[in-house]
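Asker: Next comes data-v1.txt, compact mmCIF, C-alpha atoms and all ligand atoms:
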```txt
# COMPACT_ATOMS: atom_id res chain seq x y z
CA MET R 1 -143.37 15.32 16.98
CA ARG R 2 -141.72 16.44 20.21
CA GLY R 3 -143.13 14.88 23.38
CA PRO R 4 -143.95 16.88 26.48
CA HIS R 5 -141.01 18.51 28.20
CA GLU R 6 -142.11 17.48 31.67
CA ARG R 7 -143.44 14.00 32.40
CA PRO R 8 -144.93 13.73 35.92
CA ARG R 9 -145.97 10.18 35.04
CA ARG R 10 -142.30 9.09 35.20
CA LEU R 11 -142.40 8.95 39.01
CA ARG R 12 -145.58 6.88 38.95
CA THR R 13 -144.12 4.08 36.86
CA THR R 14 -143.66 1.34 39.48
CA PRO R 15 -145.03 0.63 42.94
CA ALA R 16 -141.50 1.00 44.33
CA LEU R 17 -141.09 4.45 42.77
CA ARG R 18 -144.48 5.56 43.99
CA ARG R 19 -143.64 4.37 47.48
CA LEU R 20 -140.30 6.16 47.38
CA VAL R 21 -141.80 9.53 46.56
CA ALA R 22 -144.96 9.26 48.68
CA GLN R 23 -145.18 12.41 50.79
CA THR R 24 -147.68 11.08 53.30
CA ARG R 25 -147.63 7.81 55.16
CA VAL R 26 -150.16 6.25 57.47
CA GLN R 27 -148.66 4.35 60.35
CA PRO R 28 -150.49 2.35 63.02
CA ALA R 29 -148.58 4.24 65.74
CA GLU R 30 -150.40 7.42 64.76
CA LEU R 31 -153.87 5.90 64.88
CA ILE R 32 -156.19 5.92 67.88
CA LEU R 33 -159.01 3.38 68.21
CA PRO R 34 -162.27 4.64 69.78
CA VAL R 35 -163.94 1.89 71.84
CA PHE R 36 -167.23 1.50 73.70
CA VAL R 37 -167.69 -0.32 76.99
CA ARG R 38 -171.23 -0.93 78.17
CA ASP R 39 -172.36 -1.69 81.69
CA GLY R 40 -174.41 -4.82 82.32
CA LEU R 41 -173.57 -6.63 79.08
CA GLU R 42 -172.89 -10.34 79.21
CA GLU R 43 -171.56 -10.62 75.67
CA PRO R 44 -170.13 -7.98 73.32
CA ALA R 45 -173.01 -6.48 71.33
CA PRO R 46 -172.98 -5.34 67.70
CA ILE R 47 -173.94 -1.77 66.79
CA GLY R 48 -176.38 -1.86 63.88
CA SER R 49 -175.27 1.34 62.18
CA MET R 50 -171.56 0.54 62.66
CA PRO R 51 -171.07 -2.97 61.25
CA GLY R 52 -167.94 -4.54 62.74
CA VAL R 53 -167.87 -2.25 65.79
CA LEU R 54 -168.92 -3.62 69.18
CA GLN R 55 -170.13 -2.44 72.52
CA HIS R 56 -167.68 -4.25 74.76
CA THR R 57 -167.89 -6.00 78.08
CA PRO R 58 -164.95 -5.20 80.37
CA ASP R 59 -163.33 -8.50 79.37
CA SER R 60 -163.76 -8.09 75.64
CA LEU R 61 -162.54 -4.50 75.95
CA VAL R 62 -159.27 -5.63 77.49
CA ALA R 63 -158.85 -8.19 74.70
CA ALA R 64 -159.54 -5.54 72.06
CA ALA R 65 -157.06 -3.15 73.65
CA ARG R 66 -154.39 -5.86 73.73
CA GLU R 67 -155.03 -6.72 70.09
CA ALA R 68 -154.75 -3.07 69.05
CA ALA R 69 -151.56 -2.58 71.02
CA ALA R 70 -150.04 -5.76 69.57
CA LEU R 71 -150.71 -4.43 66.07
CA GLY R 72 -148.92 -1.20 66.94
CA VAL R 73 -152.01 1.04 67.15
CA GLY R 74 -150.93 4.13 69.08
CA GLY R 75 -153.77 4.54 71.54
CA ILE R 76 -157.38 3.90 72.45
CA MET R 77 -160.12 6.38 73.30
CA VAL R 78 -162.66 4.87 75.69
CA PHE R 79 -166.35 5.79 75.82
CA GLY R 80 -168.60 4.45 78.58
CA VAL R 81 -172.21 3.37 78.15
CA PRO R 82 -174.04 3.19 81.50
CA ARG R 83 -177.22 1.27 82.20
CA PRO R 84 -180.31 3.44 81.51
CA GLN R 85 -181.27 3.41 85.19
CA ASP R 86 -177.86 4.88 86.11
CA LYS R 87 -178.39 8.02 84.05
CA ASP R 88 -179.53 11.19 85.80
CA ALA R 89 -179.73 14.91 85.10
CA GLY R 90 -176.25 15.56 86.47
CA GLY R 91 -174.49 12.58 84.88
CA SER R 92 -173.32 11.38 88.29
CA CYS R 93 -172.20 7.94 87.18
CA GLY R 94 -169.50 9.58 85.08
CA LEU R 95 -167.96 10.79 88.33
CA ARG R 96 -168.18 7.64 90.41
CA PRO R 97 -164.97 5.60 90.63
CA ASP R 98 -167.01 2.45 89.98
CA GLY R 99 -168.97 3.99 87.07
CA VAL R 100 -168.67 2.04 83.83
CA LEU R 101 -166.05 4.29 82.23
CA ASN R 102 -163.84 4.80 85.28
CA ALA R 103 -163.95 1.11 86.17
CA ALA R 104 -162.94 0.19 82.62
CA LEU R 105 -160.07 2.70 82.65
CA ARG R 106 -158.77 1.27 85.92
CA ARG R 107 -158.88 -2.24 84.55
CA LEU R 108 -157.22 -1.26 81.25
CA ARG R 109 -154.41 0.59 83.01
CA ASP R 110 -153.87 -2.33 85.38
CA GLU R 111 -153.67 -4.84 82.56
CA LEU R 112 -151.90 -2.84 79.86
CA GLY R 113 -149.84 -0.42 81.93
CA ASP R 114 -148.01 1.99 79.64
CA ARG R 115 -148.06 -0.30 76.60
CA THR R 116 -150.72 1.81 74.95
CA VAL R 117 -151.84 5.40 75.37
CA LEU R 118 -155.08 5.24 77.31
CA MET R 119 -157.46 8.10 76.49
CA SER R 120 -160.90 8.81 77.88
CA ASP R 121 -163.85 10.81 76.63
CA LEU R 122 -164.56 13.58 79.09
CA CYS R 123 -168.16 14.53 78.48
CA LEU R 124 -171.57 14.20 80.06
CA ASP R 125 -173.78 13.10 77.17
CA GLU R 126 -173.25 9.40 77.78
CA PHE R 127 -174.23 9.80 81.44
CA THR R 128 -177.12 12.29 81.49
CA ASP R 129 -180.73 11.16 81.16
CA HIS R 130 -181.43 14.09 78.79
CA GLY R 131 -178.44 13.27 76.61
CA HIS R 132 -176.86 16.74 76.53
CA CYS R 133 -173.13 17.27 77.03
CA GLY R 134 -173.71 19.40 80.11
CA VAL R 135 -176.07 20.08 82.96
CA LEU R 136 -179.20 22.10 82.25
CA THR R 137 -180.65 25.31 83.62
CA ASP R 138 -184.21 25.33 84.92
CA ASP R 139 -185.44 26.42 81.52
CA GLY R 140 -183.60 23.62 79.73
CA ARG R 141 -180.52 25.35 78.34
CA VAL R 142 -177.05 23.85 78.68
CA ASP R 143 -175.42 25.68 81.58
CA ASN R 144 -171.81 26.33 80.58
CA ASP R 145 -170.26 27.26 83.90
CA ALA R 146 -172.13 24.73 86.03
CA THR R 147 -170.98 22.08 83.56
CA LEU R 148 -167.36 23.14 83.95
CA GLU R 149 -167.48 22.20 87.63
CA VAL R 150 -168.65 18.72 86.74
CA TYR R 151 -165.97 18.33 84.05
CA ALA R 152 -163.33 19.23 86.62
CA GLN R 153 -164.44 16.42 88.91
CA MET R 154 -164.75 14.02 86.00
CA ALA R 155 -161.21 14.75 84.88
CA VAL R 156 -159.84 13.92 88.32
CA ALA R 157 -161.93 10.73 88.53
CA GLN R 158 -160.60 9.57 85.14
CA ALA R 159 -157.03 10.43 86.07
CA ASP R 160 -157.40 8.59 89.38
CA ALA R 161 -158.60 5.61 87.35
CA GLY R 162 -155.42 5.64 85.28
CA THR R 163 -156.13 7.47 82.03
CA HIS R 164 -153.07 8.98 80.31
CA VAL R 165 -155.04 11.56 78.33
CA VAL R 166 -158.44 13.13 78.90
CA GLY R 167 -160.44 14.28 75.90
CA PRO R 168 -162.92 17.01 76.84
CA SER R 169 -165.45 16.81 74.00
CA GLY R 170 -168.38 18.86 75.28
CA MET R 171 -167.53 22.21 73.64
CA MET R 172 -168.13 24.24 76.82
CA ASP R 173 -166.24 27.53 76.86
CA GLY R 174 -163.29 27.38 79.23
CA GLN R 175 -163.32 23.59 79.58
CA VAL R 176 -159.62 23.07 78.94
CA ARG R 177 -158.60 25.51 81.64
CA VAL R 178 -160.78 24.04 84.38
CA VAL R 179 -159.73 20.51 83.46
CA ARG R 180 -156.03 21.45 83.50
CA GLU R 181 -156.37 23.21 86.84
CA ALA R 182 -158.32 20.35 88.39
CA LEU R 183 -155.77 17.77 87.23
CA ASP R 184 -152.86 19.84 88.53
CA GLY R 185 -154.65 20.46 91.81
CA ALA R 186 -155.09 16.71 92.30
CA GLY R 187 -151.45 15.89 91.59
CA HIS R 188 -152.09 14.70 88.01
CA GLN R 189 -149.66 17.06 86.31
CA ASP R 190 -148.64 14.37 83.82
CA VAL R 191 -152.12 13.57 82.59
CA ALA R 192 -152.46 15.27 79.21
CA VAL R 193 -155.40 17.11 77.68
CA LEU R 194 -156.47 16.33 74.13
CA ALA R 195 -158.86 19.18 73.39
CA TYR R 196 -161.75 18.71 71.01
CA THR R 197 -160.89 22.11 69.58
CA ALA R 198 -162.96 22.35 66.41
CA LYS R 199 -166.02 20.21 66.88
CA TYR R 200 -168.84 20.81 64.47
CA ALA R 201 -172.52 20.03 65.04
CA SER R 202 -172.66 17.18 62.55
CA ALA R 203 -175.13 14.65 61.20
CA ALA R 204 -172.14 12.33 61.01
CA TYR R 205 -172.42 11.56 64.74
CA GLY R 206 -175.68 9.66 64.10
CA PRO R 207 -174.34 6.12 64.51
CA PHE R 208 -172.42 7.14 67.65
CA ARG R 209 -175.72 8.00 69.30
CA GLU R 210 -176.75 4.39 68.79
CA ALA R 211 -173.35 3.18 70.04
CA VAL R 212 -173.74 5.03 73.35
CA ALA R 213 -177.53 4.53 73.57
CA SER R 214 -178.02 8.30 73.64
CA THR R 215 -181.38 9.68 74.68
CA LEU R 216 -180.82 13.12 73.17
CA GLN R 217 -183.87 14.97 71.91
CA GLY R 218 -183.04 17.94 69.73
CA ASP R 219 -179.50 18.87 68.80
CA ARG R 220 -176.24 20.38 70.06
CA ALA R 221 -176.29 23.51 67.91
CA THR R 222 -175.92 25.89 70.86
CA TYR R 223 -172.53 24.45 71.80
CA GLN R 224 -171.05 22.65 68.81
CA GLN R 225 -169.87 24.71 65.84
CA ASP R 226 -171.84 25.61 62.74
CA ALA R 227 -170.65 23.90 59.55
CA ALA R 228 -170.71 27.27 57.79
CA ASN R 229 -167.83 28.68 59.82
CA ARG R 230 -164.10 28.40 59.28
CA THR R 231 -162.16 31.10 61.16
CA GLU R 232 -164.10 30.28 64.31
CA SER R 233 -161.94 27.16 64.57
CA LEU R 234 -158.82 29.31 64.76
CA ARG R 235 -160.42 31.18 67.62
CA GLU R 236 -161.21 27.90 69.39
CA LEU R 237 -157.59 26.87 68.77
CA ARG R 238 -156.20 30.07 70.25
CA LEU R 239 -158.32 29.60 73.36
CA ASP R 240 -157.50 25.92 73.82
CA LEU R 241 -153.77 26.54 73.46
CA ALA R 242 -153.92 29.44 75.93
CA GLU R 243 -155.85 27.23 78.35
CA GLY R 244 -153.21 24.51 78.24
CA ALA R 245 -154.21 21.94 75.61
CA ASP R 246 -151.42 19.42 74.94
CA MET R 247 -153.01 18.18 71.72
CA VAL R 248 -155.90 19.52 69.67
CA MET R 249 -158.49 17.86 67.49
CA VAL R 250 -160.71 18.60 64.53
CA LYS R 251 -163.93 16.65 64.16
CA PRO R 252 -165.47 15.28 61.93
CA ALA R 253 -162.53 14.74 59.58
CA LEU R 254 -163.32 14.29 55.90
CA PRO R 255 -165.95 17.06 55.48
CA TYR R 256 -163.66 19.46 57.40
CA LEU R 257 -160.25 19.00 55.78
CA ASP R 258 -160.04 22.75 55.12
CA VAL R 259 -160.47 23.43 58.83
CA LEU R 260 -157.98 20.70 59.65
CA SER R 261 -155.45 22.27 57.30
CA ASP R 262 -155.93 25.70 58.90
CA VAL R 263 -155.59 24.32 62.42
CA ALA R 264 -152.55 22.22 61.52
CA LYS R 265 -150.77 25.27 60.11
CA ALA R 266 -151.49 27.38 63.18
CA ALA R 267 -150.94 24.86 65.99
CA ASP R 268 -147.62 24.19 67.70
CA VAL R 269 -148.92 21.05 69.39
CA PRO R 270 -149.85 17.70 67.79
CA VAL R 271 -153.08 17.87 65.82
CA ALA R 272 -155.53 14.98 65.65
CA ALA R 273 -158.63 14.45 63.54
CA TYR R 274 -161.58 12.17 64.27
CA GLN R 275 -162.99 10.07 61.45
CA VAL R 276 -166.36 9.80 63.15
CA SER R 277 -169.05 7.15 63.26
CA GLY R 278 -170.96 8.50 60.25
CA GLU R 279 -167.82 8.60 58.14
CA TYR R 280 -167.29 4.95 59.07
CA ALA R 281 -170.93 4.10 58.33
CA MET R 282 -170.81 5.75 54.89
CA ILE R 283 -167.85 3.62 53.84
CA GLU R 284 -169.37 0.47 55.31
CA ALA R 285 -172.75 1.04 53.67
CA ALA R 286 -171.28 1.65 50.24
CA ALA R 287 -168.84 -1.25 50.57
CA ALA R 288 -171.64 -3.59 51.62
CA GLN R 289 -173.44 -2.73 48.37
CA GLY R 290 -170.29 -3.45 46.42
CA TRP R 291 -170.24 0.19 45.33
CA LEU R 292 -166.69 0.87 46.42
CA ASP R 293 -163.64 -1.00 47.62
CA ARG R 294 -163.59 -0.79 51.42
CA ASP R 295 -159.88 -1.30 51.96
CA ARG R 296 -158.80 1.21 49.35
CA MET R 297 -161.31 3.74 50.66
CA VAL R 298 -160.08 3.26 54.23
CA LEU R 299 -156.46 3.87 53.32
CA GLU R 300 -157.32 6.73 50.97
CA THR R 301 -159.38 8.59 53.55
CA LEU R 302 -156.77 8.09 56.27
CA THR R 303 -154.05 9.28 53.89
CA SER R 304 -156.11 12.36 53.01
CA ILE R 305 -156.69 13.22 56.65
CA ARG R 306 -152.96 12.87 57.31
CA ARG R 307 -152.13 14.91 54.20
CA ALA R 308 -154.41 17.74 55.35
CA GLY R 309 -152.27 18.02 58.47
CA ALA R 310 -153.41 15.56 61.12
CA GLN R 311 -150.60 13.77 62.88
CA ASN R 312 -153.03 11.46 64.67
CA VAL R 313 -156.30 10.03 63.45
CA LEU R 314 -159.03 8.61 65.65
CA THR R 315 -160.70 5.97 63.55
CA TYR R 316 -162.87 2.91 64.05
CA TYR R 317 -160.69 1.41 61.32
CA ALA R 318 -157.49 1.65 63.38
CA VAL R 319 -157.06 -2.10 63.81
CA HIS R 320 -158.23 -2.90 60.29
CA ALA R 321 -155.89 -0.28 58.85
CA ALA R 322 -152.98 -1.59 60.92
CA ARG R 323 -153.56 -5.02 59.40
CA LEU R 324 -153.81 -3.64 55.87
CA LEU R 325 -150.58 -1.72 56.34
CA GLN R 326 -148.89 -4.80 57.73
CA ASP R 327 -150.02 -6.84 54.71
CA GLN R 328 -148.70 -4.19 52.35
CA GLY R 329 -145.34 -4.43 54.06
CA ARG R 330 -145.11 -0.69 54.56
C1 LIG R 401 -169.48 13.55 72.88
C2 LIG R 401 -168.95 12.87 71.65
C3 LIG R 401 -169.65 12.56 70.50
C4 LIG R 401 -168.75 11.91 69.66
C5 LIG R 401 -167.54 11.83 70.33
N1 LIG R 401 -167.68 12.45 71.56
C6 LIG R 401 -171.08 12.74 70.17
C7 LIG R 401 -171.60 14.09 69.95
O1 LIG R 401 -170.92 15.08 70.08
O2 LIG R 401 -172.79 14.17 69.66
C8 LIG R 401 -169.06 11.39 68.29
C9 LIG R 401 -168.05 10.43 67.75
C10 LIG R 401 -168.50 9.72 66.54
O3 LIG R 401 -169.54 10.05 65.94
O4 LIG R 401 -167.81 8.76 66.15
N2 LIG R 401 -169.22 12.78 74.03
```
Represent the structure of the file as structure tokens.
Ligand code: PBG

Answerer:
Amino acid sequence: MRGPHERPRRLRTTPALRRLVAQTRVQPAELILPVFVRDGLEEPAPIGSMPGVLQHTPDSLVAAAREAAALGVGGIMVFGVPRPQDKDAGGSCGLRPDGVLNAALRRLRDELGDRTVLMSDLCLDEFTDHGHCGVLTDDGRVDNDATLEVYAQMAVAQADAGTHVVGPSGMMDGQVRVVREALDGAGHQDVAVLAYTAKYASAAYGPFREAVASTLQGDRATYQQDAANRTESLRELRLDLAEGADMVMVKPALPYLDVLSDVAKAADVPVAAYQVSGEYAMIEAAAAQGWLDRDRMVLETLTSIRRAGAQNVLTYYAVHAARLLQDQGR
């Protein structure tokens, strides 16, 4: 009997061979760790739906940022959680230099300098009492253009505080342009814009709402994208690039790898993907039951997101993955 002419298994024979021919690698330098800093906390607090992730105090945040940088993680994305009494309809504490997010950015930049890439979420939902990503009209709709004015001020406040990269995540039309213009107008030409380009209205943000103590009633379907749509993301990409985005992002990651692949093919800037809170929670929940192997699942999902075209991945597993990769000697 003649055996098969082609034997793809030959290149899978040993770990060394598999490593040699691997087309996709995950490296800590390409990962970005999202972190939460909460005002008024005395001790870091666990987040029930995100086991292993903490709401930080300013001190524990600095320690976490140092740890991530020491492990070679490429950057951190900071989210601020204000005290409930500091929230208002306009999200004013996101603008104040001493607001929880801006104060944390200043401290991180002071202590870490340029050793990591410091990124900040540029959005209103953490700061508004109604929990929407923008300011509202009298009849309760999210007012696109009035929100843009607030984003512009927020961008400058974050840049003044020392962020390297702002991440406008509110899905308002025209947000990248106003943010770019505001930064340039304030002398922050070198602060980059990571645009949340394709951001879908997703159930996978559930645990994040707990992490930032969101008060949102209802949903974000009038500004975030509908899961049914694909080419719309190419339109969002075209607009964000024309408006001056330095990097673009697709979010969530795993349920949207087709979109990620499309965007990665069409973009001439670095493309990131966000493995969001619900993606993290799904792995954690199944692993806690013993239903799957956490570490293998972490590396497999990150590899898949990279393979689909993301250069950078925002993931709550950034530090964990960096350790796993170190242990594997890759
Ligand atoms: C908006 C924002 C959200 C996330 C990142 N930025 C929440 C939302 O759009 O509802 C979600 C991230 C995650 O789920 O991990 N500021």

Asker: For Glu111 in chain R, work out the shell of residues within 12 Å, counting only C-alpha atoms and skipping chain neighbours fewer than 5 positions away, then give it as number ranges by chain.

Answerer: R: 58-59, 61-63, 65-66, 69, 104-106, 116, 118, 162

Asker: Using all atoms listed in the file, find the one residue out of R:Pro28, R:Gly174, R:Gly167, R:Gly113 that sits nearest to ligand LIG 401 (chain R).

Answerer: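 So, comparing all the options, the nearest one is R:Gly167.
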
Asker: For CA of Gly90 in chain R and CA of Gly170 in chain R, quote the distance in Å rounded to one decimal.

Answerer: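 CA of Gly90 in chain R sits 14.1 Å away from CA of Gly170 in chain R.
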
Asker: Distance limit 7 Å, reference ligand LIG 401 (chain R), atoms considered: only C-alpha atoms and all ligand atoms. Which residues make the cut? Give them as a PyMOL selection string.

Answerer: chain R and resi 121-126+133+169-170+204-209+275-278

Asker: Rounded to one decimal, what separation in Å do you get between CA of Ala267 in chain R and CA of Asn312 in chain R?

Answerer: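 Taking CA of Ala267 in chain R and CA of Asn312 in chain R, their separation equals 13.6 Å.
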
Asker: Quick one: residues within 6 Å of Val135 in chain R, only C-alpha atoms, excluding same-chain residues fewer than 3 positions away - as a ChimeraX atom specification?

Answerer: /R:90,142-143,147

Asker: Which residue, R:His188, R:His130, R:Arg306, R:Arg83, has the smallest gap to Arg25 in chain R when you use only C-alpha atoms?

Answerer: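 Counting only C-alpha atoms, the residue closest to Arg25 in chain R is R:Arg306.
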
Asker: Which residue is closest to Glu30 in chain R? Choose from R:Leu302, R:Thr197, R:Asp327, R:Asn102 and count all atoms listed in the file.

Answerer: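 Between R:Leu302, R:Thr197, R:Asp327, R:Asn102, the residue approaching Glu30 in chain R most closely is R:Leu302.
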
Asker: Quick one: pull the distance between CA of Ala308 in chain R and CA of Leu194 in chain R, Å, one decimal.

Answerer: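 So the answer is 18.9 Å.
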
Asker: For Ala287 in chain R, which residue among R:Gly244, R:Gly80, R:Pro51, R:Gly134 is the nearest when counting only C-alpha atoms?

Answerer: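 The shortest atom-to-atom distance to Ala287 in chain R comes from R:Pro51.
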
Asker: Where does range 25-131 of chain R meet range 282-285 of chain R within 12 Å, residue by residue, with the nearest atom pair and distance in Å to one decimal for each, counting only C-alpha atoms, listed by chain and rising number, as CSV?

Answerer:
```
residue,atom,partner,partner_atom,distance
R:Gly48,CA,R:Ala285,CA,11.2
R:Ser49,CA,R:Ala285,CA,8.9
R:Met50,CA,R:Glu284,CA,7.7
R:Pro51,CA,R:Glu284,CA,7.1
R:Gly52,CA,R:Glu284,CA,9.1
R:Val53,CA,R:Glu284,CA,10.9
```

Asker: List the spatial neighbours of Met171 in chain R as a PyMOL selection string - criterion: any atom at most 10 Å away, only C-alpha atoms, same-chain residues fewer than 6 positions off excluded.

Answerer: chain R and resi 123+133-134+144+195-200+220+222-225+236
